[in-house]
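*Asks:* Quick one: this structure, given as structure tokens, is what I'll be asking you about.
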Amino acid sequence: MTDLSTTSVPQPRRYDGVNWIGVQTLYLKEVRRFWKVGAQTVAAPVVTTLLYMLVFVVALKGARPPLHGTPFAEFVAPGLIMMAVLNNAFANASSSLIQAKIMGTSTDFLTPPLSPLELTIGFALGAATRGIVVGLVTAVCVLPFARLGVSNLAAILWFSLTASLLMGMLGVFAGLWAEKFDQLAAVQNFLIMPMTFLSGTFYLVDNLPEPFATISHFNPIFYMIDGFRYGFIGHAEGNVWIGVAMSAILTLAAAVACWGVFRSGWRLKS
């Protein structure tokens with residue numbers, strides 16, 4: 001008989017530092033998951049944005065006056081692009097996690113040697129990729145309706161990246177918290193969507209009556225849309241540097257919180 005005391009027992013593979021192979025695998029899984037149904041995850045949001053452009057720009061036929069000297073089409077287009085980025089980054093992470101919980105496939109990313117930090121990186125980057133891909137396709141499709149220029153490329157890159165990462169990590173929370181798709185839809189319909197629509201996408205926030213104008217300046221999505229639009233038209237309603245600082249702080253705070261929930265196994269291991 002074999003002496004079990006002398007038999008070597010396979011040990012889990014150990015990684016010094018970050019398990020980049022595991023992070024890459026999780027990231028590619030998230031990207032391929034949404035890319036396989038591109039008609040639903042990429043094409044559909046673009047069509048929705050084009051419908052907004054048709055209603056607010058083409059149907060009005062120039063009836064809306066310029067806003068701060070910017071034609072209405074050029075004012076609305078960046079906001080619609082950022083809306084697509086925000087909503088799709090949130091949807092990617094949240095739908096991935098709730099599907100894993102309902103279908104019982106959470107072990108696919110809990111069993112491998114992935115630390116809480118590596119799980120956070122993988123899900124956040126996967127969500128950000130979907131948001132940015134949808135944003136790029138949307139930007140190309142709205143060009144026939146709005147002549148978009150580039151006033152500040154750094155602002156465009158910064159706000160698109162931080163917004164997609166932040167919403168992706170918020171999607172992690174929503175996906176872990178929700179126990180069924182109805183709850184997840186409620187978060188998106190009653191929290192994310194109102195905050196997005198009431199952030200100056202279609203109008204100047206400063207034109208709102210008080211106290212709504214002041215309240216809008218406490219909406220973090222306002223600064224993301226405003227800063228992103230500033231990158232195209234060179235004009236911002238709020239302070240761009242406040243937006244830069246707020247987006248950085250919120251993204252870092254969301255990353256720490258995501259690390260914490262993955263570390264505790266909240267709604268995943270219980």
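If you're wondering about the labels, chains in the structure tokens are A, B, ... by order shown, residues count from 1 in each chain, ligands from 1 in order shown.
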Residues at most 10 Å from segment 148-150 of chain A, counting only C-alpha atoms, excluding those fewer than 4 positions away in the same chain, as an mmCIF file with N, CA and C atoms, in the first residue's frame?
*Replies:*
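Produced file out-v1.cif, reproduced below:
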data_model
loop_
_atom_site.group_PDB
_atom_site.id
_atom_site.type_symbol
_atom_site.label_atom_id
_atom_site.label_comp_id
_atom_site.auth_asym_id
_atom_site.auth_seq_id
_atom_site.Cartn_x
_atom_site.Cartn_y
_atom_site.Cartn_z
ATOM 1 N N ALA A 73 -27.045 70.558 -31.022
ATOM 2 C CA ALA A 73 -26.603 69.198 -31.360
ATOM 3 C C ALA A 73 -25.242 68.905 -30.762
ATOM 4 N N GLU A 74 -24.308 69.872 -30.862
ATOM 5 C CA GLU A 74 -22.967 69.674 -30.318
ATOM 6 C C GLU A 74 -22.978 69.662 -28.785
ATOM 7 N N PHE A 75 -23.970 70.323 -28.178
ATOM 8 C CA PHE A 75 -24.094 70.320 -26.722
ATOM 9 C C PHE A 75 -24.625 68.984 -26.215
ATOM 10 N N ALA A 77 -24.743 65.935 -27.841
ATOM 11 C CA ALA A 77 -24.040 64.721 -28.255
ATOM 12 C C ALA A 77 -23.063 64.187 -27.208
ATOM 13 N N PRO A 78 -22.167 65.009 -26.628
ATOM 14 C CA PRO A 78 -21.260 64.452 -25.610
ATOM 15 C C PRO A 78 -21.982 63.880 -24.402
ATOM 16 N N ALA A 139 -20.107 57.567 -30.480
ATOM 17 C CA ALA A 139 -19.503 58.807 -30.975
ATOM 18 C C ALA A 139 -19.408 58.809 -32.495
ATOM 19 N N VAL A 140 -19.031 57.680 -33.056
ATOM 20 C CA VAL A 140 -18.930 57.586 -34.520
ATOM 21 C C VAL A 140 -20.310 57.740 -35.160
ATOM 22 N N VAL A 142 -22.969 59.341 -34.031
ATOM 23 C CA VAL A 142 -23.627 60.646 -33.904
ATOM 24 C C VAL A 142 -22.932 61.727 -34.729
ATOM 25 N N LEU A 143 -21.801 61.403 -35.326
ATOM 26 C CA LEU A 143 -21.080 62.412 -36.112
ATOM 27 C C LEU A 143 -21.914 63.000 -37.246
ATOM 28 N N PRO A 144 -22.766 62.223 -37.930
ATOM 29 C CA PRO A 144 -23.593 62.844 -38.980
ATOM 30 C C PRO A 144 -24.572 63.890 -38.441
ATOM 31 N N ALA A 154 -7.317 65.386 -22.951
ATOM 32 C CA ALA A 154 -7.074 64.840 -21.613
ATOM 33 C C ALA A 154 -8.369 64.744 -20.818
ATOM 34 N N ALA A 155 -9.235 65.756 -20.938
ATOM 35 C CA ALA A 155 -10.511 65.731 -20.218
ATOM 36 C C ALA A 155 -11.402 64.597 -20.733
ATOM 37 N N ILE A 156 -11.423 64.404 -22.037
ATOM 38 C CA ILE A 156 -12.229 63.321 -22.615
ATOM 39 C C ILE A 156 -11.764 61.969 -22.088
ATOM 40 N N ARG A 229 -18.085 66.776 -21.653
ATOM 41 C CA ARG A 229 -18.530 67.737 -22.663
ATOM 42 C C ARG A 229 -17.490 68.853 -22.843
ATOM 43 N N TYR A 230 -16.877 69.278 -21.744
ATOM 44 C CA TYR A 230 -15.839 70.306 -21.815
ATOM 45 C C TYR A 230 -14.706 69.876 -22.744
ATOM 46 N N GLY A 231 -14.400 68.587 -22.759
ATOM 47 C CA GLY A 231 -13.353 68.095 -23.639
ATOM 48 C C GLY A 231 -13.669 68.274 -25.106
ATOM 49 N N PHE A 232 -14.956 68.399 -25.441
ATOM 50 C CA PHE A 232 -15.366 68.573 -26.838
ATOM 51 C C PHE A 232 -15.611 70.037 -27.190
ATOM 52 N N ILE A 233 -16.316 70.760 -26.322
ATOM 53 C CA ILE A 233 -16.742 72.119 -26.697
ATOM 54 C C ILE A 233 -15.919 73.212 -26.023
ATOM 55 N N GLY A 234 -15.096 72.852 -25.035
ATOM 56 C CA GLY A 234 -14.249 73.840 -24.383
ATOM 57 C C GLY A 234 -14.950 74.723 -23.387
#
*Asks:* For segment 214-223 of chain A, list every protein, DNA or RNA residue within 9 Å, evaluated using only C-alpha atoms, and leave out those in the same chain fewer than 3 positions away; present the list as a PyMOL selection string.
*Replies:* chain A and resi 86+159+163+195-196+198-201+205-206+208-211+226-228+237-240+242-244+246-247+250
*Asks:* If you keep C-alpha atoms, can you produce a file of those selected residues as a compact mmCIF listing (two decimals), in the first residue's frame?
*Replies:*
# COMPACT_ATOMS: atom_id res chain seq x y z
CA LEU A 86 -22.18 55.08 -17.72
CA PHE A 159 -13.72 61.45 -17.49
CA ALA A 163 -16.73 57.26 -15.14
CA MET A 195 -29.19 60.72 -11.80
CA THR A 196 -28.05 60.53 -15.42
CA LEU A 198 -30.98 65.06 -14.21
CA SER A 199 -27.30 65.88 -14.71
CA GLY A 200 -27.55 68.38 -17.55
CA THR A 201 -27.45 66.03 -20.50
CA VAL A 205 -28.22 72.98 -15.06
CA ASP A 206 -27.85 76.68 -14.15
CA LEU A 208 -33.05 75.21 -13.31
CA PRO A 209 -34.99 76.98 -10.55
CA GLU A 210 -33.62 76.82 -7.04
CA PRO A 211 -33.05 74.63 -5.13
CA ASP A 226 -19.90 68.31 -17.77
CA GLY A 227 -16.19 67.50 -17.79
CA PHE A 228 -16.57 65.11 -20.71
CA GLU A 237 -20.92 74.78 -16.35
CA GLY A 238 -19.15 73.60 -13.23
CA ASN A 239 -15.53 73.66 -12.10
CA VAL A 240 -13.64 71.09 -14.16
CA ILE A 242 -13.71 69.83 -8.90
CA GLY A 243 -14.96 67.20 -11.32
CA VAL A 244 -11.45 65.77 -11.72
CA MET A 246 -14.44 64.18 -7.29
CA SER A 247 -14.18 61.49 -9.96
CA LEU A 250 -15.12 58.38 -5.84
*Asks:* Name the residues of segment 39-200 of chain A that fall into alpha helix (DSSP H) according to DSSP on the backbone, using the chain letters and numbers of this document, as a PyMOL selection string.
*Replies:* chain A and resi 44-53+72-103+107-110+116-142+153-177+181-187+193-197
*Asks:* Report the distance between atom CA of Val23 of chain A and atom CA of Met103 of chain A in Å, rounded to one decimal place.
*Replies:*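 Computing it gives 22.1 Å between the two atoms.
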*Asks:* Do you have the atom CA of Ile102 of chain A-atom CA of Phe181 of chain A distance handy?
*Replies:* 9.4 Å
*Asks:* Distance atom CA of Trp35 of chain A-atom CA of Met82 of chain A, one decimal place?
*Replies:* 19.9 Å
*Asks:* Kindly indicate which residue among A:Pro45, A:Thr162, A:Arg33, A:Leu136 lies nearest to Ala84 of chain A, using only C-alpha atoms for the distances.
*Replies:* A:Pro45
*Asks:* Just the residues within 9 Å of Trp177 of chain A, please, counting only C-alpha atoms, with nothing from its chain fewer than 5 positions along; format it as a short mmCIF file (atom, residue, chain, number, x, y, z; two decimals) with C-alpha atoms, in the first residue's frame.
*Replies:*
data_model
loop_
_atom_site.label_atom_id
_atom_site.label_comp_id
_atom_site.auth_asym_id
_atom_site.auth_seq_id
_atom_site.Cartn_x
_atom_site.Cartn_y
_atom_site.Cartn_z
CA ILE A 98 -26.24 38.43 -10.62
CA VAL A 172 -20.46 45.14 -8.69
CA GLN A 183 -34.13 44.33 -7.91
CA LEU A 184 -31.28 45.06 -10.29
CA TRP A 266 -20.71 39.29 0.99
CA ARG A 267 -23.65 37.74 -0.89
#
*Asks:* Give me, as a list in words, all polymer residues having an atom no more than 6 Å from Gly171 of chain A, counting only C-alpha atoms and skipping those fewer than 5 positions away in the same chain.
*Replies:*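 Skipping anything fewer than 5 positions along the chain leaves Phe90, Ala93 and Ser94 of chain A.
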*Asks:* Could you check which of A:Ala127, A:Leu110, A:Val137, A:Ala43 is closest to Ser264 of chain A, using only C-alpha atoms?
*Replies:*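 Looking only at the distances to Ser264 of chain A, the closest residue turns out to be A:Leu110.
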